[in-house]
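First comes the structure, then the notes that go with it.
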Amino acid sequence: MPSTSFKDELLAETRNLRAFAISLSGSVSLADDLVQESLLRAWSNSEKFQPGTSLRAWLFTILRNIYYSNYRKRSREVQDSDGVYARRLTVPGDQESHLDLEDFRNALTKLPAEQREVLTLIGASGLSYEEAAVVCQVGIGTIKSRLSRARAKLVELLQLDDAPQPPVERKVRRAG
Amino acid sequence: MLIMNAARVSKFEKPGPRPDLPAESGAEAVQAIGRALAAHYADLVQAPLPDKFMELLARLEDDKSALKVQGKRDALD
């Protein structure tokens with residue numbers, strides 16, 4: 001039977017779980033359904049969680065399984081992330097060039113799902129390679145190669161390679 | 001917080017030698033991507049959380065307490 005502290009631990013991970021769900025599905029409303037179902041499943045299977053291991057990785061695994069089993073068809077049909085991304089689409093400008101967040105988000109949606117997922121898990125959610133491998137149910141080598149391909153693809157999409165006149169230069173925007 | 005996060009992506013420097021970075025090709029680009037990813041994800045993590053998740057967990061915990069009380073009653077009967 002779950003303890004009070006288990007409830008608190010779940011609550012503490014809910015924001016990260018939801019962020020992962022939004023990244024995975026591309027939809028806030030779908031992400032909320034996924035989080036709700038994952039919390040319910042985690043609660044009723046709390047005895048299967050091994051103390052000392054990452055609760056975050058365990059919850060991500062549950063959510064990902066639910067998503068790929070039941071929801072993937074619905075994913076990315078409706079991009080309703082506006083409420084979440086309502087702020088800070090540009091970064092403060094000066095005379096330097098900037099990596100525009102909106103451009104970055106657009107590029108992120110163009111990555112294959114498996115690469116975006118690994119990039120998110122390792123680069124943003126703070127999971128280790130080992131934990132990401134468990135969540136995605138692949139080997140560590142696959143995780144590393146997906147991460148590397150994700151980065152290379154973003155470099156290409158955002159034209160961050162060392163071109164003589166990097167196109168990001170044209171994207172300089174001024175704050176305010 | 002908003003400004004702090006913005007600062008994370010505000011420094012995509014122009015290509016050029018950076019003695020403090022590894023000499024490998026694309027290190028700057030990878031770092032810029034890392035900063036943008038962190039700022040992007042911070043937006044998601046900091047987005048207002050619907051109350052329904054807290055309510056759900058509270059309800060589950062209440063149900064558990066109710067079951068415990070019921071269990072004690074059953075044991076006394």
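Every chain in the structure tokens takes a letter, A first, then B, and so on in the order presented; its residues are numbered from 1, and the ligands are numbered from 1 following the presented order.
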>> Which of range 6-147 of chain A end up as alpha helix (DSSP H) when DSSP is run on this backbone - answer as a PyMOL selection string?
In response: chain A and resi 6-25+28-44+55-66+101-109+113-123+129-136+140-147
>> Quick check, in Å to one decimal: how far apart do CA of Glu61 in chain B and CA of Lys7 in chain A lie?
In response: 7.4 Å
>> Could you check the closest approach to Ala36 in chain B for each of A:Ala124, A:Leu40, A:Ala150, A:Ile143 and tell me which residue wins, using only C-alpha atoms?
In response: A:Ala124
>> So, with only C-alpha atoms as the atoms that count, which of A:Ala113, A:Leu127, A:Leu101, A:Ala31 lies closest to chain B?
In response: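 Using only C-alpha atoms, the shortest distance to chain B belongs to A:Leu101.
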